[in-house]
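Okay, input.pdb now, which holds PDB, C-alpha atoms:
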```
ATOM      1  CA  MET A 235      77.431 112.739 100.890  1.00  0.00           C
ATOM      2  CA  ILE A 236      79.559 110.055 102.545  1.00  0.00           C
ATOM      3  CA  GLU A 237      79.944 110.156 106.329  1.00  0.00           C
ATOM      4  CA  TYR A 238      82.986 108.604 108.025  1.00  0.00           C
ATOM      5  CA  ARG A 239      82.932 107.120 111.517  1.00  0.00           C
ATOM      6  CA  GLU A 240      85.843 106.075 113.689  1.00  0.00           C
ATOM      7  CA  ASN A 241      85.666 102.845 115.724  1.00  0.00           C
ATOM      8  CA  GLN A 242      81.898 102.538 115.485  1.00  0.00           C
ATOM      9  CA  PRO A 243      80.721  99.007 116.267  1.00  0.00           C
ATOM     10  CA  LEU A 244      79.821  97.218 113.035  1.00  0.00           C
ATOM     11  CA  GLU A 245      77.628  94.189 112.441  1.00  0.00           C
ATOM     12  CA  PRO A 246      79.782  91.283 111.212  1.00  0.00           C
ATOM     13  CA  VAL A 247      77.134  90.318 108.641  1.00  0.00           C
ATOM     14  CA  GLU A 248      77.293  93.850 107.214  1.00  0.00           C
ATOM     15  CA  ILE A 249      81.097  93.744 107.158  1.00  0.00           C
ATOM     16  CA  ALA A 250      80.891  90.476 105.213  1.00  0.00           C
ATOM     17  CA  ARG A 251      78.442  92.112 102.779  1.00  0.00           C
ATOM     18  CA  VAL A 252      80.816  95.032 102.133  1.00  0.00           C
ATOM     19  CA  PHE A 253      83.717  92.619 101.691  1.00  0.00           C
ATOM     20  CA  GLU A 254      81.708  90.559  99.190  1.00  0.00           C
ATOM     21  CA  THR A 255      80.470  93.577  97.226  1.00  0.00           C
ATOM     22  CA  SER A 256      83.958  95.121  97.158  1.00  0.00           C
ATOM     23  CA  GLY A 257      85.662  92.128  95.589  1.00  0.00           C
ATOM     24  CA  ILE A 258      88.090  91.654  98.511  1.00  0.00           C
ATOM     25  CA  SER A 259      88.823  88.033  99.436  1.00  0.00           C
ATOM     26  CA  ARG A 260      87.931  87.436 103.078  1.00  0.00           C
ATOM     27  CA  PRO A 261      86.250  84.549 104.973  1.00  0.00           C
ATOM     28  CA  THR A 262      82.790  86.089 104.519  1.00  0.00           C
ATOM     29  CA  LYS A 263      80.935  82.844 105.205  1.00  0.00           C
ATOM     30  CA  ASP A 264      82.608  82.586 108.639  1.00  0.00           C
ATOM     31  CA  ILE A 265      80.774  85.365 110.498  1.00  0.00           C
ATOM     32  CA  PRO A 266      82.324  84.567 113.925  1.00  0.00           C
ATOM     33  CA  ARG A 267      85.776  84.932 112.354  1.00  0.00           C
ATOM     34  CA  ILE A 268      84.805  88.288 110.802  1.00  0.00           C
ATOM     35  CA  ALA A 269      83.560  89.399 114.241  1.00  0.00           C
ATOM     36  CA  GLN A 270      86.865  88.351 115.838  1.00  0.00           C
ATOM     37  CA  MET A 271      88.883  90.173 113.164  1.00  0.00           C
ATOM     38  CA  PHE A 272      87.156  93.430 114.038  1.00  0.00           C
ATOM     39  CA  ALA A 273      87.041  92.858 117.802  1.00  0.00           C
ATOM     40  CA  ASN A 274      90.842  92.862 117.853  1.00  0.00           C
ATOM     41  CA  ALA A 275      91.481  95.870 115.584  1.00  0.00           C
ATOM     42  CA  ASN A 276      92.473  99.210 117.084  1.00  0.00           C
ATOM     43  CA  VAL A 277      91.519 101.516 114.200  1.00  0.00           C
ATOM     44  CA  VAL A 278      88.347 100.950 112.208  1.00  0.00           C
ATOM     45  CA  ILE A 279      87.067 103.683 109.920  1.00  0.00           C
ATOM     46  CA  SER A 280      83.712 103.083 108.276  1.00  0.00           C
ATOM     47  CA  ALA A 281      82.052 104.919 105.383  1.00  0.00           C
ATOM     48  CA  TRP A 282      78.301 105.487 105.268  1.00  0.00           C
ATOM     49  CA  ASP A 283      75.861 106.696 102.642  1.00  0.00           C
ATOM     50  CA  GLY A 284      73.021 107.658 104.969  1.00  0.00           C
ATOM     51  CA  ALA A 285      72.189 104.456 106.847  1.00  0.00           C
ATOM     52  CA  ARG A 286      74.004 102.260 104.301  1.00  0.00           C
ATOM     53  CA  PHE A 287      77.447 100.961 105.303  1.00  0.00           C
ATOM     54  CA  VAL A 288      79.569 101.166 102.116  1.00  0.00           C
ATOM     55  CA  GLY A 289      83.251 100.969 103.046  1.00  0.00           C
ATOM     56  CA  VAL A 290      85.730 100.117 105.760  1.00  0.00           C
ATOM     57  CA  SER A 291      89.382 100.205 106.726  1.00  0.00           C
ATOM     58  CA  ARG A 292      90.662  97.997 109.554  1.00  0.00           C
ATOM     59  CA  ALA A 293      94.098  98.511 111.059  1.00  0.00           C
ATOM     60  CA  LEU A 294      96.291  97.241 113.892  1.00  0.00           C
ATOM     61  CA  THR A 295      98.804  99.627 115.410  1.00  0.00           C
ATOM     62  CA  ASP A 296     101.051 100.457 118.358  1.00  0.00           C
ATOM     63  CA  TYR A 297     100.381 104.198 117.748  1.00  0.00           C
ATOM     64  CA  SER A 298     104.117 104.755 117.960  1.00  0.00           C
ATOM     65  CA  TYR A 299     106.008 103.137 115.097  1.00  0.00           C
ATOM     66  CA  CYS A 300     103.973 100.904 112.809  1.00  0.00           C
ATOM     67  CA  CYS A 301     100.409 100.334 111.635  1.00  0.00           C
ATOM     68  CA  TYR A 302      99.224  97.420 109.520  1.00  0.00           C
ATOM     69  CA  LEU A 303      96.269  98.252 107.275  1.00  0.00           C
ATOM     70  CA  SER A 304      94.697  94.833 107.155  1.00  0.00           C
ATOM     71  CA  ASP A 305      91.499  95.614 105.253  1.00  0.00           C
ATOM     72  CA  LEU A 306      90.419  98.301 102.836  1.00  0.00           C
ATOM     73  CA  ALA A 307      87.081  97.568 101.181  1.00  0.00           C
ATOM     74  CA  VAL A 308      84.536  99.720  99.377  1.00  0.00           C
ATOM     75  CA  ASP A 309      81.290  98.441  97.884  1.00  0.00           C
ATOM     76  CA  VAL A 310      81.821  98.280  94.098  1.00  0.00           C
ATOM     77  CA  ALA A 311      78.855 100.638  93.547  1.00  0.00           C
ATOM     78  CA  TYR A 312      80.797 103.291  95.507  1.00  0.00           C
ATOM     79  CA  GLN A 313      84.301 102.693  94.143  1.00  0.00           C
ATOM     80  CA  LYS A 314      86.149 105.369  92.138  1.00  0.00           C
ATOM     81  CA  HIS A 315      84.677 108.186  94.226  1.00  0.00           C
ATOM     82  CA  GLY A 316      87.615 108.707  96.620  1.00  0.00           C
ATOM     83  CA  ILE A 317      86.173 106.687  99.507  1.00  0.00           C
ATOM     84  CA  GLY A 318      89.150 104.313  99.745  1.00  0.00           C
ATOM     85  CA  ARG A 319      91.544 107.268  99.612  1.00  0.00           C
ATOM     86  CA  GLU A 320      89.593 109.001 102.399  1.00  0.00           C
ATOM     87  CA  LEU A 321      89.528 105.841 104.542  1.00  0.00           C
ATOM     88  CA  ILE A 322      93.325 105.690 104.236  1.00  0.00           C
ATOM     89  CA  ARG A 323      93.696 109.417 104.978  1.00  0.00           C
ATOM     90  CA  ARG A 324      91.566 109.119 108.100  1.00  0.00           C
ATOM     91  CA  THR A 325      93.513 106.068 109.264  1.00  0.00           C
ATOM     92  CA  GLN A 326      96.728 108.060 108.852  1.00  0.00           C
ATOM     93  CA  SER A 327      95.208 110.951 110.776  1.00  0.00           C
ATOM     94  CA  VAL A 328      94.432 108.652 113.709  1.00  0.00           C
ATOM     95  CA  ILE A 329      97.902 107.070 113.846  1.00  0.00           C
ATOM     96  CA  GLY A 330      99.928 110.255 113.266  1.00  0.00           C
ATOM     97  CA  ASP A 331     102.997 111.212 111.271  1.00  0.00           C
ATOM     98  CA  GLU A 332     105.514 109.113 113.239  1.00  0.00           C
ATOM     99  CA  VAL A 333     103.809 105.824 112.347  1.00  0.00           C
ATOM    100  CA  SER A 334     104.458 103.891 109.113  1.00  0.00           C
ATOM    101  CA  LEU A 335     101.365 102.535 107.390  1.00  0.00           C
ATOM    102  CA  VAL A 336     101.992  99.165 105.742  1.00  0.00           C
ATOM    103  CA  LEU A 337      99.783  96.652 103.954  1.00  0.00           C
ATOM    104  CA  MET A 338      99.764  93.514 101.864  1.00  0.00           C
ATOM    105  CA  SER A 339      97.965  94.100  98.590  1.00  0.00           C
ATOM    106  CA  ALA A 340      95.787  91.643  96.770  1.00  0.00           C
ATOM    107  CA  PRO A 341      97.229  91.029  93.287  1.00  0.00           C
ATOM    108  CA  GLY A 342      94.297  92.804  91.629  1.00  0.00           C
ATOM    109  CA  ALA A 343      94.827  95.957  93.700  1.00  0.00           C
ATOM    110  CA  MET A 344      98.566  96.409  93.103  1.00  0.00           C
ATOM    111  CA  ALA A 345      98.031  99.333  90.708  1.00  0.00           C
ATOM    112  CA  TYR A 346      95.744 101.170  93.147  1.00  0.00           C
ATOM    113  CA  TYR A 347      98.063 101.677  96.105  1.00  0.00           C
ATOM    114  CA  PRO A 348     100.767 103.786  94.398  1.00  0.00           C
ATOM    115  CA  LYS A 349      97.964 106.141  93.295  1.00  0.00           C
ATOM    116  CA  VAL A 350      97.045 106.806  96.924  1.00  0.00           C
ATOM    117  CA  GLY A 351     100.563 107.376  98.239  1.00  0.00           C
ATOM    118  CA  PHE A 352     101.976 103.933  99.029  1.00  0.00           C
ATOM    119  CA  ALA A 353     105.479 102.958  97.902  1.00  0.00           C
ATOM    120  CA  LEU A 354     106.232  99.382  96.883  1.00  0.00           C
ATOM    121  CA  ALA A 355     108.382  97.620  99.487  1.00  0.00           C
ATOM    122  CA  ASP A 356     110.654  94.807  98.411  1.00  0.00           C
ATOM    123  CA  ASN A 357     111.788  93.806 101.885  1.00  0.00           C
ATOM    124  CA  ALA A 358     108.758  92.018 103.305  1.00  0.00           C
ATOM    125  CA  TYR A 359     108.225  88.396 104.245  1.00  0.00           C
ATOM    126  CA  VAL A 360     105.151  86.426 105.193  1.00  0.00           C
ATOM    127  CA  ILE A 361     104.258  83.094 106.751  1.00  0.00           C
ATOM    128  CA  ARG A 362     100.878  82.347 105.154  1.00  0.00           C
ATOM    129  CA  ARG A 363      97.899  81.334 107.260  1.00  0.00           C
ATOM    130  CA  LYS A 364      96.739  77.760 106.862  1.00  0.00           C
ATOM    131  CA  ARG A 365      93.051  78.670 106.513  1.00  0.00           C
TER     132      ARG A 365
END
```
Give the structure from this file in structure tokens form.
Amino acid sequence: MIEYRENQPLEPVEIARVFETSGISRPTKDIPRIAQMFANANVVISAWDGARFVGVSRALTDYSYCCYLSDLAVDVAYQKHGIGRELIRRTQSVIGDEVSLVLMSAPGAMAYYPKVGFALADNAYVIRRKR
């Protein structure tokens, strides 16, 4: 049975491991950067199989209007069991019904997000990071 925890401190090395095993592209070799990414998030939901950390969602929000779901990652051995869907549901529960949940999808995950309730937006812009 998977246990979910809200805003529990996570070890950056373990976060990098989940990112790597999930297939998500993140700077997993730069552990201080991973630590900084999570130090500045306001909503982190983690998924646990006993003592094993297996999934995470990381979001930034004002709790009033908008929430950016920056990371959604589940260890590949645990994918297709509803963990990602539950991480999203719990993030939505924390932010409430008045807050839009938005994200930028990796190309390989584009088919997943409509299945879990996201609508494709055609009115977004981005200035890409340099590293």
Could you state which residues are captured by the PyMOL selection byres ((chain A and resi 274-288) around 10) in this file, as a PyMOL selection string?
-> chain A and resi 235-245+248-249+251-253+255-256+269-273+289-297+301-313+317-318+320-322+324-326+328-329
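Comparing A:His315, A:Arg323, A:Lys263, A:Met338 by their smallest distance to A:Val350, the closest is A:Arg323 (using only C-alpha atoms).
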At what distance in Å, to one decimal, does atom CA of A:Ile268 lie from atom CA of A:Glu254?
->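 So the two atoms, atom CA of A:Glu254 and atom CA of A:Ile268, lie 12.2 Å apart.
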From A:Asn357, A:Arg365, A:Tyr347, A:Asp331, residue lying nearest A:Pro261 [all atoms listed in the file] = A:Arg365
Given all atoms listed in the file as the counted atoms, nearest of A:Tyr346, A:Thr262, A:Val247, A:Arg363 to A:Gly316 |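 Smallest separation from A:Gly316 among the options: A:Tyr346.
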For atom CA of A:Lys314 and atom CA of A:Val336, quote the distance in Å rounded to one decimal.
->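 For atom CA of A:Lys314 relative to atom CA of A:Val336, the distance reads 21.8 Å.
With atom CA of A:Ala345 on one side and atom CA of A:Arg260 on the other, the separation reads 19.9 Å.
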Tell me which of A:Leu354, A:Leu335, A:Ala340, A:Val360 sits closest to A:Ile258, counting all atoms listed in the file.
->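 That would be A:Ala340, the residue with the smallest distance to A:Ile258.
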Across A:Gly330, A:Pro266, A:Arg319, A:Ile361, the smallest distance to A:Pro348, with all atoms listed in the file counted, is shown by A:Arg319
